[in-house]
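Chemist: Sharing input.pdb below, PDB, C-alpha atoms:
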ATOM      1  CA  MET A   1     -13.098  22.427  16.787
ATOM      2  CA  ALA A   2     -10.615  20.949  14.401
ATOM      3  CA  GLN A   3      -8.237  22.396  11.905
ATOM      4  CA  ILE A   4      -6.577  20.907   8.837
ATOM      5  CA  LYS A   5      -3.459  22.245   7.149
ATOM      6  CA  PHE A   6      -2.387  21.590   3.570
ATOM      7  CA  ASP A   7       1.191  21.410   2.361
ATOM      8  CA  GLU A   8       0.095  22.728  -1.038
ATOM      9  CA  GLU A   9       3.414  22.189  -2.781
ATOM     10  CA  ARG A  10       3.113  18.427  -2.151
ATOM     11  CA  CYS A  11      -0.425  18.179  -3.556
ATOM     12  CA  LYS A  12      -0.763  16.419  -6.909
ATOM     13  CA  GLY A  13      -4.412  17.376  -7.345
ATOM     14  CA  CYS A  14      -5.762  13.801  -7.294
ATOM     15  CA  GLU A  15      -9.035  14.931  -5.655
ATOM     16  CA  VAL A  16      -9.325  11.791  -3.487
ATOM     17  CA  CYS A  17      -9.613  13.890  -0.302
ATOM     18  CA  THR A  18     -12.552  15.835  -1.741
ATOM     19  CA  SER A  19     -14.404  12.573  -2.379
ATOM     20  CA  VAL A  20     -14.152  11.228   1.195
ATOM     21  CA  CYS A  21     -14.922  14.306   3.348
ATOM     22  CA  PRO A  22     -18.179  13.463   5.154
ATOM     23  CA  LYS A  23     -18.987  17.173   5.391
ATOM     24  CA  LYS A  24     -18.070  17.890   1.743
ATOM     25  CA  LEU A  25     -15.808  20.720   2.867
ATOM     26  CA  LEU A  26     -12.919  20.169   0.464
ATOM     27  CA  LYS A  27     -12.517  21.427  -3.089
ATOM     28  CA  MET A  28      -9.752  22.012  -5.560
ATOM     29  CA  ALA A  29      -8.364  25.566  -5.597
ATOM     30  CA  ASP A  30      -8.476  27.760  -8.702
ATOM     31  CA  ARG A  31      -4.739  28.476  -8.479
ATOM     32  CA  PHE A  32      -1.812  26.229  -9.430
ATOM     33  CA  ASN A  33       1.074  25.109  -7.253
ATOM     34  CA  SER A  34       4.622  25.155  -8.619
ATOM     35  CA  LYS A  35       4.209  21.620 -10.030
ATOM     36  CA  GLY A  36       1.209  22.765 -12.059
ATOM     37  CA  TYR A  37      -1.452  20.990 -10.023
ATOM     38  CA  LYS A  38      -4.510  22.645  -8.529
ATOM     39  CA  PRO A  39      -4.135  21.898  -4.794
ATOM     40  CA  ALA A  40      -6.961  20.867  -2.489
ATOM     41  CA  GLU A  41      -8.275  23.400   0.011
ATOM     42  CA  ILE A  42     -10.960  23.618   2.682
ATOM     43  CA  THR A  43     -13.983  25.831   2.137
ATOM     44  CA  ASP A  44     -15.100  26.293   5.757
ATOM     45  CA  GLN A  45     -12.576  25.489   8.473
ATOM     46  CA  THR A  46     -15.138  26.009  11.250
ATOM     47  CA  GLN A  47     -17.233  23.050  10.010
ATOM     48  CA  CYS A  48     -14.327  20.568  10.116
ATOM     49  CA  ILE A  49     -14.909  17.723  12.589
ATOM     50  CA  GLY A  50     -11.309  16.460  12.499
ATOM     51  CA  CYS A  51     -12.186  12.940  11.346
ATOM     52  CA  ALA A  52      -8.929  12.828   9.320
ATOM     53  CA  PHE A  53     -10.574  10.862   6.497
ATOM     54  CA  CYS A  54      -8.976  13.267   3.998
ATOM     55  CA  ALA A  55      -5.520  12.871   5.533
ATOM     56  CA  LYS A  56      -5.840   9.078   5.740
ATOM     57  CA  MET A  57      -6.749   8.845   2.050
ATOM     58  CA  CYS A  58      -4.143  11.389   0.871
ATOM     59  CA  PRO A  59      -1.350   9.417  -0.804
ATOM     60  CA  ASP A  60       1.108  12.302  -0.579
ATOM     61  CA  ASN A  61       0.994  13.351   3.079
ATOM     62  CA  VAL A  62      -0.336  16.776   2.169
ATOM     63  CA  ILE A  63      -2.762  17.078   5.074
ATOM     64  CA  GLU A  64      -2.129  17.534   8.789
ATOM     65  CA  VAL A  65      -5.010  17.441  11.247
ATOM     66  CA  TYR A  66      -5.145  19.415  14.530
ATOM     67  CA  LYS A  67      -7.729  19.159  17.240
TER      68      LYS A  67
ATOM     69  CA  MET B  68      -4.395  22.623  19.420
ATOM     70  CA  GLU B  69      -2.684  19.292  19.173
ATOM     71  CA  LYS B  70      -1.577  17.563  16.003
ATOM     72  CA  ILE B  71      -3.586  14.343  15.674
ATOM     73  CA  PHE B  72      -2.523  13.295  12.195
ATOM     74  CA  GLY B  73       0.548  13.893  10.058
ATOM     75  CA  ARG B  74       3.496  12.264   8.349
ATOM     76  CA  PRO B  75       4.959   9.412  10.440
ATOM     77  CA  GLU B  76       8.626   9.524  11.415
ATOM     78  CA  ALA B  77       9.386   6.335   9.474
ATOM     79  CA  LEU B  78       8.533   8.139   6.240
ATOM     80  CA  GLN B  79      11.062  10.624   4.911
ATOM     81  CA  ASP B  80      10.099  14.229   4.269
ATOM     82  CA  ARG B  81      10.189  13.822   0.495
ATOM     83  CA  VAL B  82       7.724  14.101  -2.364
ATOM     84  CA  LEU B  83       6.785  10.555  -3.421
ATOM     85  CA  SER B  84       7.556   9.634  -7.030
ATOM     86  CA  TYR B  85       4.138   8.062  -7.632
ATOM     87  CA  CYS B  86       1.408   9.328  -9.961
ATOM     88  CA  PRO B  87      -1.340  11.561  -8.532
ATOM     89  CA  GLY B  88      -3.744   9.501  -6.429
ATOM     90  CA  CYS B  89      -1.602   6.349  -6.437
ATOM     91  CA  THR B  90      -2.396   4.286  -3.350
ATOM     92  CA  HIS B  91       1.265   3.317  -2.966
ATOM     93  CA  GLY B  92       1.480   6.538  -0.929
ATOM     94  CA  ILE B  93      -1.245   5.384   1.477
ATOM     95  CA  ILE B  94       0.354   1.944   1.859
ATOM     96  CA  HIS B  95       3.804   3.488   2.460
ATOM     97  CA  ARG B  96       2.299   5.632   5.192
ATOM     98  CA  LEU B  97       0.520   2.693   6.848
ATOM     99  CA  VAL B  98       3.738   0.672   6.973
ATOM    100  CA  ALA B  99       5.588   3.695   8.372
ATOM    101  CA  GLU B 100       2.906   4.293  11.013
ATOM    102  CA  VAL B 101       3.142   0.657  12.130
ATOM    103  CA  ILE B 102       6.951   0.859  12.330
ATOM    104  CA  ASP B 103       6.617   3.992  14.487
ATOM    105  CA  GLU B 104       3.949   2.491  16.751
ATOM    106  CA  LEU B 105       6.012  -0.642  17.342
ATOM    107  CA  LYS B 106       9.078   1.568  17.973
ATOM    108  CA  VAL B 107      11.314  -0.508  15.717
ATOM    109  CA  ARG B 108      12.387   2.091  13.154
ATOM    110  CA  GLU B 109      16.062   2.016  14.101
ATOM    111  CA  LYS B 110      16.285  -1.741  13.631
ATOM    112  CA  THR B 111      14.073  -2.122  10.584
ATOM    113  CA  ILE B 112      15.421  -3.084   7.157
ATOM    114  CA  ALA B 113      13.178  -2.723   4.120
ATOM    115  CA  VAL B 114      13.737  -4.655   0.915
ATOM    116  CA  ALA B 115      12.491  -2.737  -2.123
ATOM    117  CA  PRO B 116      11.263  -4.432  -5.313
ATOM    118  CA  VAL B 117      11.502  -3.666  -8.994
ATOM    119  CA  GLY B 118       8.419  -1.768 -10.088
ATOM    120  CA  CYS B 119       6.995   1.634  -9.245
ATOM    121  CA  ALA B 120       8.225   1.187  -5.637
ATOM    122  CA  VAL B 121      11.810   0.536  -6.772
ATOM    123  CA  THR B 122      12.927   3.761  -5.077
ATOM    124  CA  ALA B 123      11.142   2.989  -1.799
ATOM    125  CA  TYR B 124      14.554   3.443  -0.142
ATOM    126  CA  ASN B 125      14.103   7.165  -0.828
ATOM    127  CA  PHE B 126      10.858   7.207   1.119
ATOM    128  CA  PHE B 127      11.165   4.838   4.091
ATOM    129  CA  ASN B 128      13.204   6.386   6.876
ATOM    130  CA  CYS B 129      14.987   3.150   7.800
ATOM    131  CA  ASP B 130      17.725   0.984   6.335
ATOM    132  CA  CYS B 131      16.798  -0.336   2.907
ATOM    133  CA  GLN B 132      18.110  -2.724   0.311
ATOM    134  CA  GLN B 133      16.840  -2.872  -3.257
ATOM    135  CA  ALA B 134      16.561  -6.385  -4.723
ATOM    136  CA  ALA B 135      16.611  -7.759  -8.261
ATOM    137  CA  HIS B 136      13.196  -8.229  -9.839
ATOM    138  CA  GLY B 137      11.126 -10.644  -7.750
ATOM    139  CA  ARG B 138      14.047 -11.623  -5.537
ATOM    140  CA  ALA B 139      13.132  -9.535  -2.506
ATOM    141  CA  PRO B 140      12.086 -12.610  -0.430
ATOM    142  CA  ALA B 141      15.471 -14.249  -1.105
ATOM    143  CA  VAL B 142      17.329 -11.081  -0.123
ATOM    144  CA  ALA B 143      15.143 -10.667   2.971
ATOM    145  CA  THR B 144      15.835 -14.300   3.922
ATOM    146  CA  ALA B 145      19.551 -13.607   3.895
ATOM    147  CA  ILE B 146      19.281 -10.356   5.833
ATOM    148  CA  LYS B 147      17.054 -11.869   8.504
ATOM    149  CA  ARG B 148      19.223 -14.966   8.931
ATOM    150  CA  VAL B 149      22.404 -12.911   9.267
ATOM    151  CA  LEU B 150      20.792 -10.244  11.468
ATOM    152  CA  PRO B 151      18.007 -12.073  13.315
ATOM    153  CA  ASP B 152      17.400  -9.227  15.769
ATOM    154  CA  ARG B 153      16.320  -6.831  12.991
ATOM    155  CA  VAL B 154      12.822  -6.296  11.680
ATOM    156  CA  VAL B 155      12.868  -7.119   7.966
ATOM    157  CA  PHE B 156      10.095  -6.530   5.466
ATOM    158  CA  THR B 157       9.742  -6.677   1.695
ATOM    159  CA  TYR B 158       7.535  -4.302  -0.243
ATOM    160  CA  GLN B 159       6.570  -5.846  -3.578
ATOM    161  CA  GLY B 160       4.086  -5.315  -6.365
ATOM    162  CA  ASP B 161       2.152  -7.964  -8.264
ATOM    163  CA  GLY B 162       4.430  -7.884 -11.299
ATOM    164  CA  ASP B 163       7.328  -8.494  -8.933
ATOM    165  CA  LEU B 164       5.899 -10.969  -6.423
ATOM    166  CA  ALA B 165       3.275 -12.841  -8.468
ATOM    167  CA  SER B 166       5.158 -13.133 -11.748
ATOM    168  CA  ILE B 167       8.944 -13.195 -11.914
ATOM    169  CA  GLY B 168       9.232 -13.667  -8.143
ATOM    170  CA  THR B 169       6.681 -16.476  -7.713
ATOM    171  CA  ALA B 170       9.321 -19.060  -6.859
ATOM    172  CA  GLU B 171      11.017 -16.830  -4.292
ATOM    173  CA  ILE B 172       7.854 -15.930  -2.409
ATOM    174  CA  ILE B 173       6.505 -19.487  -2.345
ATOM    175  CA  HIS B 174       9.721 -20.982  -1.030
ATOM    176  CA  ALA B 175      10.332 -18.218   1.495
ATOM    177  CA  ALA B 176       6.781 -18.733   2.792
ATOM    178  CA  ASN B 177       7.212 -22.501   2.751
ATOM    179  CA  ARG B 178      10.373 -22.241   4.848
ATOM    180  CA  GLY B 179       8.510 -20.028   7.301
ATOM    181  CA  GLU B 180      11.090 -17.268   7.045
ATOM    182  CA  GLN B 181      10.767 -14.738   9.844
ATOM    183  CA  PHE B 182      10.036 -11.617   7.821
ATOM    184  CA  THR B 183       7.011  -9.627   6.714
ATOM    185  CA  VAL B 184       5.824  -9.199   3.138
ATOM    186  CA  ILE B 185       3.746  -6.244   1.978
ATOM    187  CA  PHE B 186       2.296  -7.337  -1.371
ATOM    188  CA  VAL B 187       0.734  -4.477  -3.343
ATOM    189  CA  ASN B 188      -1.696  -5.865  -5.918
ATOM    190  CA  ASN B 189      -3.072  -3.455  -8.518
ATOM    191  CA  ALA B 190      -3.811  -6.036 -11.232
ATOM    192  CA  ILE B 191      -1.408  -4.512 -13.759
ATOM    193  CA  TYR B 192       2.244  -3.744 -14.447
ATOM    194  CA  GLY B 193       2.526  -0.076 -13.482
ATOM    195  CA  MET B 194       6.069   1.135 -14.093
ATOM    196  CA  THR B 195       6.601  -0.583 -17.436
ATOM    197  CA  GLY B 196       3.473   0.859 -19.022
ATOM    198  CA  GLY B 197       0.350  -1.060 -18.069
ATOM    199  CA  GLN B 198       0.931  -4.582 -19.390
ATOM    200  CA  MET B 199      -1.157  -7.565 -18.317
ATOM    201  CA  ALA B 200      -0.018  -9.037 -14.992
ATOM    202  CA  PRO B 201      -0.739 -12.498 -13.516
ATOM    203  CA  THR B 202      -3.293 -10.693 -11.342
ATOM    204  CA  THR B 203      -5.082  -8.885 -14.183
ATOM    205  CA  LEU B 204      -8.839  -9.518 -14.038
ATOM    206  CA  PRO B 205     -10.634 -11.552 -16.736
ATOM    207  CA  GLY B 206     -11.692  -9.134 -19.468
ATOM    208  CA  GLN B 207      -9.520  -6.305 -18.130
ATOM    209  CA  LYS B 208      -7.962  -4.195 -20.879
ATOM    210  CA  THR B 209      -4.233  -3.595 -20.683
ATOM    211  CA  THR B 210      -1.641  -2.653 -23.291
ATOM    212  CA  THR B 211      -0.914  -6.356 -23.904
ATOM    213  CA  SER B 212      -4.557  -7.441 -23.688
ATOM    214  CA  PRO B 213      -6.218  -4.633 -25.678
ATOM    215  CA  TYR B 214      -9.447  -6.646 -26.107
ATOM    216  CA  GLY B 215      -9.481  -7.648 -22.429
ATOM    217  CA  ARG B 216      -7.754 -10.583 -20.711
ATOM    218  CA  ASP B 217      -8.899 -13.732 -22.491
ATOM    219  CA  VAL B 218      -8.905 -16.536 -19.913
ATOM    220  CA  LYS B 219      -8.703 -19.151 -22.687
ATOM    221  CA  THR B 220      -5.213 -18.061 -23.649
ATOM    222  CA  ALA B 221      -4.004 -15.991 -20.665
ATOM    223  CA  GLY B 222      -5.512 -17.920 -17.766
ATOM    224  CA  TYR B 223      -7.089 -16.519 -14.625
ATOM    225  CA  PRO B 224      -5.770 -14.073 -12.028
ATOM    226  CA  ILE B 225      -3.485 -15.745  -9.495
ATOM    227  CA  LYS B 226      -4.665 -15.421  -5.906
ATOM    228  CA  MET B 227      -1.334 -15.348  -4.130
ATOM    229  CA  THR B 228      -2.707 -15.146  -0.600
ATOM    230  CA  GLU B 229      -4.933 -18.208  -1.084
ATOM    231  CA  MET B 230      -2.075 -20.023  -2.824
ATOM    232  CA  LEU B 231       0.277 -19.428   0.127
ATOM    233  CA  ASN B 232      -2.516 -20.593   2.428
ATOM    234  CA  THR B 233      -2.020 -24.125   1.057
ATOM    235  CA  LEU B 234       1.410 -24.206   2.750
ATOM    236  CA  GLU B 235       1.986 -25.343   6.335
ATOM    237  CA  ALA B 236       4.499 -22.759   7.485
ATOM    238  CA  PRO B 237       3.018 -19.256   7.036
ATOM    239  CA  LEU B 238       1.689 -17.740  10.230
ATOM    240  CA  PHE B 239      -0.359 -14.786   9.074
ATOM    241  CA  LEU B 240      -1.932 -14.177   5.658
ATOM    242  CA  ALA B 241      -4.408 -11.422   4.941
ATOM    243  CA  ARG B 242      -5.857  -9.450   2.080
ATOM    244  CA  VAL B 243      -6.897  -5.850   2.673
ATOM    245  CA  SER B 244      -7.760  -2.816   0.578
ATOM    246  CA  VAL B 245      -7.219   0.936   0.824
ATOM    247  CA  HIS B 246     -10.149   2.236  -1.235
ATOM    248  CA  ASP B 247     -11.856   4.067   1.634
ATOM    249  CA  PRO B 248     -10.958   5.305   5.160
ATOM    250  CA  LYS B 249     -12.576   2.313   6.893
ATOM    251  CA  ASN B 250     -10.529  -0.138   4.848
ATOM    252  CA  VAL B 251      -7.390   1.955   5.351
ATOM    253  CA  ASN B 252      -7.852   1.450   9.110
ATOM    254  CA  LYS B 253      -8.368  -2.303   8.614
ATOM    255  CA  ALA B 254      -5.304  -2.495   6.371
ATOM    256  CA  LYS B 255      -3.213  -0.872   9.072
ATOM    257  CA  GLU B 256      -4.428  -3.389  11.660
ATOM    258  CA  ALA B 257      -3.442  -6.283   9.390
ATOM    259  CA  ILE B 258      -0.019  -4.774   8.647
ATOM    260  CA  LYS B 259       0.548  -4.283  12.369
ATOM    261  CA  LYS B 260      -0.323  -7.927  13.070
ATOM    262  CA  ALA B 261       2.065  -9.034  10.347
ATOM    263  CA  PHE B 262       4.914  -7.027  11.908
ATOM    264  CA  GLU B 263       4.048  -8.219  15.414
ATOM    265  CA  ALA B 264       4.191 -11.843  14.231
ATOM    266  CA  GLN B 265       7.747 -11.244  13.097
ATOM    267  CA  ILE B 266       8.828  -9.328  16.199
ATOM    268  CA  GLN B 267       7.510 -12.131  18.401
ATOM    269  CA  GLY B 268       9.552 -14.559  16.286
ATOM    270  CA  LYS B 269       6.532 -16.537  15.209
ATOM    271  CA  GLY B 270       7.008 -16.802  11.476
ATOM    272  CA  PHE B 271       6.199 -15.712   7.972
ATOM    273  CA  ALA B 272       3.500 -13.101   7.455
ATOM    274  CA  MET B 273       2.142 -11.555   4.279
ATOM    275  CA  VAL B 274      -0.424  -8.816   3.785
ATOM    276  CA  GLU B 275      -1.802  -8.399   0.270
ATOM    277  CA  VAL B 276      -3.020  -4.832  -0.212
ATOM    278  CA  LEU B 277      -5.361  -4.128  -3.130
ATOM    279  CA  SER B 278      -4.187  -0.948  -4.773
ATOM    280  CA  THR B 279      -5.058   1.271  -7.733
ATOM    281  CA  CYS B 280      -3.207   2.263 -10.874
ATOM    282  CA  SER B 281      -5.355   5.065 -12.243
ATOM    283  CA  THR B 282      -2.774   5.983 -14.894
ATOM    284  CA  ASN B 283      -2.670   2.549 -16.526
ATOM    285  CA  TRP B 284      -6.302   1.702 -15.798
ATOM    286  CA  GLY B 285      -7.144   4.879 -17.732
ATOM    287  CA  MET B 286      -9.342   6.621 -15.181
ATOM    288  CA  THR B 287      -9.218   9.341 -12.547
ATOM    289  CA  PRO B 288      -7.909   8.442  -9.070
ATOM    290  CA  VAL B 289     -11.415   8.713  -7.582
ATOM    291  CA  GLU B 290     -12.865   6.491 -10.344
ATOM    292  CA  ALA B 291     -10.021   4.024  -9.781
ATOM    293  CA  LEU B 292     -10.920   3.633  -6.087
ATOM    294  CA  LYS B 293     -14.513   2.828  -7.118
ATOM    295  CA  TRP B 294     -13.285   0.413  -9.801
ATOM    296  CA  LEU B 295     -11.173  -1.373  -7.215
ATOM    297  CA  GLU B 296     -14.151  -1.722  -4.891
ATOM    298  CA  ASN B 297     -16.542  -2.912  -7.603
ATOM    299  CA  ASN B 298     -14.249  -5.138  -9.671
ATOM    300  CA  MET B 299     -11.194  -6.231  -7.723
ATOM    301  CA  ILE B 300     -12.790  -7.115  -4.379
ATOM    302  CA  PRO B 301     -15.223  -9.679  -5.915
ATOM    303  CA  GLN B 302     -12.210 -11.336  -7.548
ATOM    304  CA  PHE B 303      -9.856 -10.939  -4.568
ATOM    305  CA  PRO B 304     -12.041 -11.262  -1.432
ATOM    306  CA  LEU B 305     -10.840  -9.332   1.618
ATOM    307  CA  GLY B 306     -10.139 -10.785   5.018
ATOM    308  CA  ILE B 307      -7.670 -12.549   7.237
ATOM    309  CA  VAL B 308      -7.052 -15.811   5.406
ATOM    310  CA  ARG B 309      -4.848 -17.272   8.108
ATOM    311  CA  ASP B 310      -4.038 -16.228  11.647
ATOM    312  CA  GLN B 311      -2.543 -19.254  13.331
ATOM    313  CA  GLU B 312      -2.915 -17.765  16.773
ATOM    314  CA  GLY B 313      -6.651 -17.679  16.272
ATOM    315  CA  GLY B 314      -6.677 -20.894  14.239
ATOM    316  CA  ALA B 315      -6.749 -21.131  10.459
ATOM    317  CA  ARG B 316      -9.967 -19.712   9.007
TER     318      ARG B 316
END
What does this structure look like when you write it as structure tokens?
Modeler:
Amino acid sequence: MAQIKFDEERCKGCEVCTSVCPKKLLKMADRFNSKGYKPAEITDQTQCIGCAFCAKMCPDNVIEVYK
Amino acid sequence: MEKIFGRPEALQDRVLSYCPGCTHGIIHRLVAEVIDELKVREKTIAVAPVGCAVTAYNFFNCDCQQAAHGRAPAVATAIKRVLPDRVVFTYQGDGDLASIGTAEIIHAANRGEQFTVIFVNNAIYGMTGGQMAPTTLPGQKTTTSPYGRDVKTAGYPIKMTEMLNTLEAPLFLARVSVHDPKNVNKAKEAIKKAFEAQIQGKGFAMVEVLSTCSTNWGMTPVEALKWLENNMIPQFPLGIVRDQEGGAR
């Protein structure tokens, strides 16, 4: 099982991570971070395969992947 | 649980100044990962350009020097000749390298200077507000080509990598893209080869990285990645253009 962690305050809400997740597990949250962006979040952590596609495509180093 | 992916040590723990979704962030991280993997961070000197990456010295966790517009290859030449045991790289955009800095990059490549060039090509001037660049695609709308680039008056996009491939001296020339995870992995491989060429003292290496500018292209970051794939890659074909170890291709 894998786990991904978001540094929400760094997220600029570009949505690139949501477009590359092969399991379609990522979405933008309904809340805002302090910069006024809606940060990305994972819908079902248990389904994550730890491929790190989201983290590799994130321009802002928001995502850490654990396995 | 073990951390398998995170911010590399060669990148500072700072929020990048780039727009949301700007692939500069990905390219910064790839360069930093390569520096970490080659264990050369403490002897690396980056030369920052003028453009959106002008403050790259705030982001790379190594020594940095910022150069006048387009002059990064000249500055890097001096640094490398004075301090030949250091790993020197320039990080330049297309407005910097392919326009005002054309002379500097061509002559540095022609002399076979022993440094690495990361050339970020997004087919537009980003920082100054989306003007037409030498790399702008035919028909592409920018603030200075509002009806699209007219090749009759503005010419065709300059292919810097192919142009440098006409010279004898360069050792490694490649064009990569970062529009999807597979290409991000390939881009990292090419950047690593370019740094290894320098560390082994073999010669000049440049990696052209196709990049997006969603703000000035007028689209979302996800749309911009698709636009890059569909429009830029046909114009700027990907691949290793020259790898002298494996013979020129």
Chemist: When the cut-off is 6 Å and we count all atoms listed in the file, which residues of chain B are near chain A, given as number ranges by chain?
Modeler: B: 68-74, 87-88, 90, 92-93, 248, 289
Chemist: Output C-alpha atoms of each residue in that selection to a file, as a PDB file, in the coordinates of the input.
Modeler:
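Saved to selection.pdb:
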ATOM      1  CA  MET B  68      -4.395  22.623  19.420  1.00  0.00           C
ATOM      2  CA  GLU B  69      -2.684  19.292  19.173  1.00  0.00           C
ATOM      3  CA  LYS B  70      -1.577  17.563  16.003  1.00  0.00           C
ATOM      4  CA  ILE B  71      -3.586  14.343  15.674  1.00  0.00           C
ATOM      5  CA  PHE B  72      -2.523  13.295  12.195  1.00  0.00           C
ATOM      6  CA  GLY B  73       0.548  13.893  10.058  1.00  0.00           C
ATOM      7  CA  ARG B  74       3.496  12.264   8.349  1.00  0.00           C
ATOM      8  CA  PRO B  87      -1.340  11.561  -8.532  1.00  0.00           C
ATOM      9  CA  GLY B  88      -3.744   9.501  -6.429  1.00  0.00           C
ATOM     10  CA  THR B  90      -2.396   4.286  -3.350  1.00  0.00           C
ATOM     11  CA  GLY B  92       1.480   6.538  -0.929  1.00  0.00           C
ATOM     12  CA  ILE B  93      -1.245   5.384   1.477  1.00  0.00           C
ATOM     13  CA  PRO B 248     -10.958   5.305   5.160  1.00  0.00           C
ATOM     14  CA  VAL B 289     -11.415   8.713  -7.582  1.00  0.00           C
TER      15      VAL B 289
END
Chemist: CA of Tyr124 (chain B) and CA of Ala139 (chain B) are how many Å apart?
Modeler: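 Between CA of Tyr124 (chain B) and CA of Ala139 (chain B) the gap is 13.3 Å.
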Chemist: Could you pull the residues within 6 Å of Phe127 (chain B), counting only C-alpha atoms, minus those fewer than 2 positions along the same chain, as a ChimeraX atom specification?
Modeler: /B:77-79,124,129
Chemist: Need the shell around Ala120 (chain B): protein/DNA/RNA residues with any atom at most 8 Å away, counting all atoms listed in the file. Skip same-chain ones fewer than 6 positions apart. Format as a PyMOL selection string?
Modeler: chain B and resi 91+158-160
Chemist: For Ala134 (chain B), find every residue with an atom within 12 Å (counting only C-alpha atoms), except residues of its own chain fewer than 4 positions away, and show them as an mmCIF file with C-alpha atoms, keeping the file's coordinate frame.
Modeler:
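The result, stored in result29.cif:
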data_model
loop_
_atom_site.group_PDB
_atom_site.id
_atom_site.type_symbol
_atom_site.label_atom_id
_atom_site.label_comp_id
_atom_site.auth_asym_id
_atom_site.auth_seq_id
_atom_site.Cartn_x
_atom_site.Cartn_y
_atom_site.Cartn_z
ATOM 1 C CA ALA B 113 13.178 -2.723 4.120
ATOM 2 C CA VAL B 114 13.737 -4.655 0.915
ATOM 3 C CA ALA B 115 12.491 -2.737 -2.123
ATOM 4 C CA PRO B 116 11.263 -4.432 -5.313
ATOM 5 C CA VAL B 117 11.502 -3.666 -8.994
ATOM 6 C CA GLY B 118 8.419 -1.768 -10.088
ATOM 7 C CA ALA B 120 8.225 1.187 -5.637
ATOM 8 C CA VAL B 121 11.810 0.536 -6.772
ATOM 9 C CA THR B 122 12.927 3.761 -5.077
ATOM 10 C CA ALA B 123 11.142 2.989 -1.799
ATOM 11 C CA TYR B 124 14.554 3.443 -0.142
ATOM 12 C CA ARG B 138 14.047 -11.623 -5.537
ATOM 13 C CA ALA B 139 13.132 -9.535 -2.506
ATOM 14 C CA PRO B 140 12.086 -12.610 -0.430
ATOM 15 C CA ALA B 141 15.471 -14.249 -1.105
ATOM 16 C CA VAL B 142 17.329 -11.081 -0.123
ATOM 17 C CA ALA B 143 15.143 -10.667 2.971
ATOM 18 C CA THR B 144 15.835 -14.300 3.922
ATOM 19 C CA ALA B 145 19.551 -13.607 3.895
ATOM 20 C CA ILE B 146 19.281 -10.356 5.833
ATOM 21 C CA THR B 157 9.742 -6.677 1.695
ATOM 22 C CA TYR B 158 7.535 -4.302 -0.243
ATOM 23 C CA GLN B 159 6.570 -5.846 -3.578
ATOM 24 C CA ASP B 163 7.328 -8.494 -8.933
ATOM 25 C CA LEU B 164 5.899 -10.969 -6.423
ATOM 26 C CA GLY B 168 9.232 -13.667 -8.143
ATOM 27 C CA GLU B 171 11.017 -16.830 -4.292
#
Chemist: Care to translate the PyMOL selection byres ((chain B and resi 211) around 6) into actual residues of this file, as a PyMOL selection string?
Modeler: chain B and resi 198-199+209-210+212-213
Chemist: Please list as an MDAnalysis selection string every residue within 12 Å of region 251-257 of chain B, counting all atoms listed in the file and excluding residues in the same chain fewer than 5 positions away.
Modeler: (chainID A and resid 52:59) or (chainID B and resid 90 92:102 104 183:187 239:246 262:264 272:278 305:310)
Chemist: List the spatial neighbours of Arg153 (chain B) as a ChimeraX atom specification - criterion: any atom at most 9 Å away, all atoms listed in the file, same-chain residues fewer than 5 positions off excluded.
Modeler: /B:107,109-112,146-147,266
Chemist: Evaluate the PyMOL selection byres ((chain A and resi 44) around 12) against this structure - the residues, as a PDB file with C-alpha atoms, keeping the file's coordinate frame, please.
Modeler:
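Wrote it out as selection.pdb, contents follow:
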ATOM      1  CA  MET A   1     -13.098  22.427  16.787  1.00  0.00           C
ATOM      2  CA  ALA A   2     -10.615  20.949  14.401  1.00  0.00           C
ATOM      3  CA  GLN A   3      -8.237  22.396  11.905  1.00  0.00           C
ATOM      4  CA  ILE A   4      -6.577  20.907   8.837  1.00  0.00           C
ATOM      5  CA  LYS A  23     -18.987  17.173   5.391  1.00  0.00           C
ATOM      6  CA  LYS A  24     -18.070  17.890   1.743  1.00  0.00           C
ATOM      7  CA  LEU A  25     -15.808  20.720   2.867  1.00  0.00           C
ATOM      8  CA  LEU A  26     -12.919  20.169   0.464  1.00  0.00           C
ATOM      9  CA  LYS A  27     -12.517  21.427  -3.089  1.00  0.00           C
ATOM     10  CA  GLU A  41      -8.275  23.400   0.011  1.00  0.00           C
ATOM     11  CA  ILE A  42     -10.960  23.618   2.682  1.00  0.00           C
ATOM     12  CA  THR A  43     -13.983  25.831   2.137  1.00  0.00           C
ATOM     13  CA  GLN A  45     -12.576  25.489   8.473  1.00  0.00           C
ATOM     14  CA  THR A  46     -15.138  26.009  11.250  1.00  0.00           C
ATOM     15  CA  GLN A  47     -17.233  23.050  10.010  1.00  0.00           C
ATOM     16  CA  CYS A  48     -14.327  20.568  10.116  1.00  0.00           C
ATOM     17  CA  ILE A  49     -14.909  17.723  12.589  1.00  0.00           C
TER      18      ILE A  49
END
Chemist: Assuming the chain letters and numbering stay as they are in my file, what does the PyMOL selection byres ((chain B and resi 178) around 10) actually select? List them as a tab-separated table (two decimals) with C-alpha atoms, in the frame of the given file.
Modeler:
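In the end it all went to expr12.tsv:
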chain	number	residue	atom	x	y	z
B	144	THR	CA	15.84	-14.30	3.92
B	172	ILE	CA	7.85	-15.93	-2.41
B	173	ILE	CA	6.50	-19.49	-2.35
B	174	HIS	CA	9.72	-20.98	-1.03
B	175	ALA	CA	10.33	-18.22	1.50
B	176	ALA	CA	6.78	-18.73	2.79
B	177	ASN	CA	7.21	-22.50	2.75
B	179	GLY	CA	8.51	-20.03	7.30
B	180	GLU	CA	11.09	-17.27	7.04
B	181	GLN	CA	10.77	-14.74	9.84
B	234	LEU	CA	1.41	-24.21	2.75
B	235	GLU	CA	1.99	-25.34	6.34
B	236	ALA	CA	4.50	-22.76	7.48
B	237	PRO	CA	3.02	-19.26	7.04
B	270	GLY	CA	7.01	-16.80	11.48
B	271	PHE	CA	6.20	-15.71	7.97
